[in-house]
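**Student:** For reference, the structure I am asking about is given below.
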Amino acid sequence: MFNEKEIELVVGAFRNLAGVILVSPFNSWDQLPPKRADKNGRSFVEYSLPDGECERCVIWKNIMVDHQSVIEPIIDCLIESPRNVSTLFE
């Protein structure tokens, strides 16, 4: 579908771009706790939403410029989003 190395290079071509996030929904029978894995300069986040839908996110960071102060809070927000959304239904 896409070449991950090309995405990494394109992201690095824009100094003001902190990263790119691809969010893809998937179905699961079980409620998944939020989890994060970092590999090869990318972060992978997976979580379940209150309605039972699950999402996987791939985050490509800009390898040419250090935007950690921007990217890390966004990843934290993704990880915390199921808990934050569920509080709206309490």
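Naming scheme: A, B, ... for chains in displayed order of the structure tokens; residues 1 onward per chain; ligands 1 onward as shown.
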Give me the residues within 9 Å of Leu78 (chain A) as number ranges by chain, counting only C-alpha atoms and dropping any in the same chain fewer than 2 places off.

**Tutor:** A: 34, 45-47, 57, 73-76, 80-82

**Student:** Can you pull out every residue from chain A that DSSP, working from the backbone, puts in strand (DSSP E), and format the result as a PyMOL selection string?

**Tutor:** chain A and resi 19-27+35-39+42-48+53-61

**Student:** Could you dump the residues just selected with N, CA, C and O atoms as a tab-separated table (two decimals), in the first residue's frame?

**Tutor:**
```
chain	number	residue	atom	x	y	z
A	19	GLY	N	5.96	15.07	12.08
A	19	GLY	CA	5.76	13.66	11.77
A	19	GLY	C	4.47	13.44	11.02
A	19	GLY	O	3.74	14.38	10.71
A	20	VAL	N	4.19	12.19	10.74
A	20	VAL	CA	2.96	11.78	10.05
A	20	VAL	C	2.37	10.61	10.82
A	20	VAL	O	3.09	9.72	11.27
A	21	ILE	N	1.04	10.63	10.97
A	21	ILE	CA	0.35	9.57	11.69
A	21	ILE	C	-0.65	8.92	10.75
A	21	ILE	O	-1.49	9.60	10.16
A	22	LEU	N	-0.56	7.61	10.64
A	22	LEU	CA	-1.54	6.83	9.89
A	22	LEU	C	-2.38	6.07	10.91
A	22	LEU	O	-1.85	5.29	11.71
A	23	VAL	N	-3.69	6.31	10.90
A	23	VAL	CA	-4.61	5.64	11.82
A	23	VAL	C	-5.46	4.68	11.01
A	23	VAL	O	-6.09	5.08	10.03
A	24	SER	N	-5.47	3.42	11.42
A	24	SER	CA	-6.29	2.44	10.71
A	24	SER	C	-7.15	1.67	11.72
A	24	SER	O	-6.64	1.14	12.70
A	25	PRO	N	-8.45	1.64	11.47
A	25	PRO	CA	-9.35	0.91	12.37
A	25	PRO	C	-9.28	-0.60	12.12
A	25	PRO	O	-8.93	-1.04	11.03
A	26	PHE	N	-9.57	-1.37	13.15
A	26	PHE	CA	-9.69	-2.81	13.01
A	26	PHE	C	-10.64	-3.32	14.08
A	26	PHE	O	-10.95	-2.62	15.04
A	27	ASN	N	-11.16	-4.51	13.89
A	27	ASN	CA	-12.10	-5.11	14.83
A	27	ASN	C	-11.39	-6.11	15.72
A	27	ASN	O	-10.49	-6.81	15.29
A	35	LYS	N	-1.38	0.35	24.12
A	35	LYS	CA	0.03	-0.05	24.18
A	35	LYS	C	0.81	0.68	23.10
A	35	LYS	O	0.26	1.11	22.09
A	36	ARG	N	2.09	0.81	23.37
A	36	ARG	CA	2.99	1.52	22.48
A	36	ARG	C	4.26	0.70	22.29
A	36	ARG	O	4.76	0.08	23.23
A	37	ALA	N	4.76	0.72	21.06
A	37	ALA	CA	6.04	0.08	20.76
A	37	ALA	C	6.81	1.02	19.84
A	37	ALA	O	6.22	1.67	18.97
A	38	ASP	N	8.10	1.12	20.05
A	38	ASP	CA	8.96	1.95	19.21
A	38	ASP	C	9.94	1.04	18.48
A	38	ASP	O	10.57	0.18	19.11
A	39	LYS	N	10.05	1.25	17.16
A	39	LYS	CA	10.94	0.41	16.37
A	39	LYS	C	11.36	1.16	15.10
A	39	LYS	O	10.52	1.72	14.41
A	42	ARG	N	10.08	4.62	14.32
A	42	ARG	CA	8.62	4.78	14.25
A	42	ARG	C	8.02	4.35	15.58
A	42	ARG	O	8.59	3.55	16.31
A	43	SER	N	6.86	4.89	15.86
A	43	SER	CA	6.10	4.46	17.04
A	43	SER	C	4.82	3.81	16.56
A	43	SER	O	4.21	4.25	15.57
A	44	PHE	N	4.43	2.74	17.25
A	44	PHE	CA	3.21	2.02	16.95
A	44	PHE	C	2.33	2.08	18.18
A	44	PHE	O	2.78	1.74	19.28
A	45	VAL	N	1.10	2.53	18.02
A	45	VAL	CA	0.16	2.65	19.13
A	45	VAL	C	-1.11	1.88	18.76
A	45	VAL	O	-1.57	1.93	17.62
A	46	GLU	N	-1.66	1.17	19.74
A	46	GLU	CA	-2.87	0.38	19.52
A	46	GLU	C	-3.75	0.55	20.74
A	46	GLU	O	-3.27	0.55	21.88
A	47	TYR	N	-5.07	0.69	20.51
A	47	TYR	CA	-6.00	0.89	21.62
A	47	TYR	C	-7.41	0.55	21.17
A	47	TYR	O	-7.71	0.49	19.98
A	48	SER	N	-8.29	0.34	22.16
A	48	SER	CA	-9.72	0.12	21.92
A	48	SER	C	-10.48	1.37	22.31
A	48	SER	O	-10.17	2.01	23.31
A	53	GLU	N	-14.64	-0.48	18.81
A	53	GLU	CA	-13.73	-0.38	17.67
A	53	GLU	C	-12.30	-0.21	18.17
A	53	GLU	O	-12.07	0.37	19.23
A	54	CYS	N	-11.35	-0.73	17.44
A	54	CYS	CA	-9.95	-0.60	17.80
A	54	CYS	C	-9.22	0.19	16.72
A	54	CYS	O	-9.65	0.21	15.57
A	55	GLU	N	-8.14	0.81	17.09
A	55	GLU	CA	-7.34	1.56	16.13
A	55	GLU	C	-5.86	1.26	16.32
A	55	GLU	O	-5.40	1.07	17.45
A	56	ARG	N	-5.15	1.19	15.20
A	56	ARG	CA	-3.70	1.09	15.19
A	56	ARG	C	-3.16	2.35	14.55
A	56	ARG	O	-3.67	2.80	13.52
A	57	CYS	N	-2.13	2.89	15.14
A	57	CYS	CA	-1.51	4.11	14.62
A	57	CYS	C	-0.03	3.83	14.36
A	57	CYS	O	0.64	3.21	15.19
A	58	VAL	N	0.45	4.30	13.23
A	58	VAL	CA	1.88	4.28	12.94
A	58	VAL	C	2.31	5.73	12.87
A	58	VAL	O	1.69	6.53	12.16
A	59	ILE	N	3.32	6.09	13.64
A	59	ILE	CA	3.81	7.46	13.69
A	59	ILE	C	5.23	7.50	13.16
A	59	ILE	O	6.12	6.87	13.72
A	60	TRP	N	5.41	8.19	12.04
A	60	TRP	CA	6.74	8.41	11.48
A	60	TRP	C	7.22	9.75	11.99
A	60	TRP	O	6.58	10.78	11.77
A	61	LYS	N	8.33	9.76	12.67
A	61	LYS	CA	8.91	11.01	13.18
A	61	LYS	C	9.84	11.59	12.13
A	61	LYS	O	10.40	10.86	11.31
```

**Student:** So, counting only C-alpha atoms, which residue among A:Asp51, A:Gln31, A:Asp66, A:Asn40 is closest to Ala18 (chain A)?

**Tutor:** A:Asp66

**Student:** At a cut-off of 7 Å, can you tabulate as JSON lines every residue of region 44-86 of chain A near region 8-12 of chain A together with its closest atom pair and the distance in Å to one decimal, using only C-alpha atoms and ordering rows by chain then number?

**Tutor:**
```
{"residue": "A:Trp60", "atom": "CA", "partner": "A:Glu8", "partner_atom": "CA", "distance": 6.3}
{"residue": "A:Asn62", "atom": "CA", "partner": "A:Gly12", "partner_atom": "CA", "distance": 5.0}
{"residue": "A:Ile63", "atom": "CA", "partner": "A:Gly12", "partner_atom": "CA", "distance": 5.7}
{"residue": "A:Met64", "atom": "CA", "partner": "A:Gly12", "partner_atom": "CA", "distance": 5.1}
```
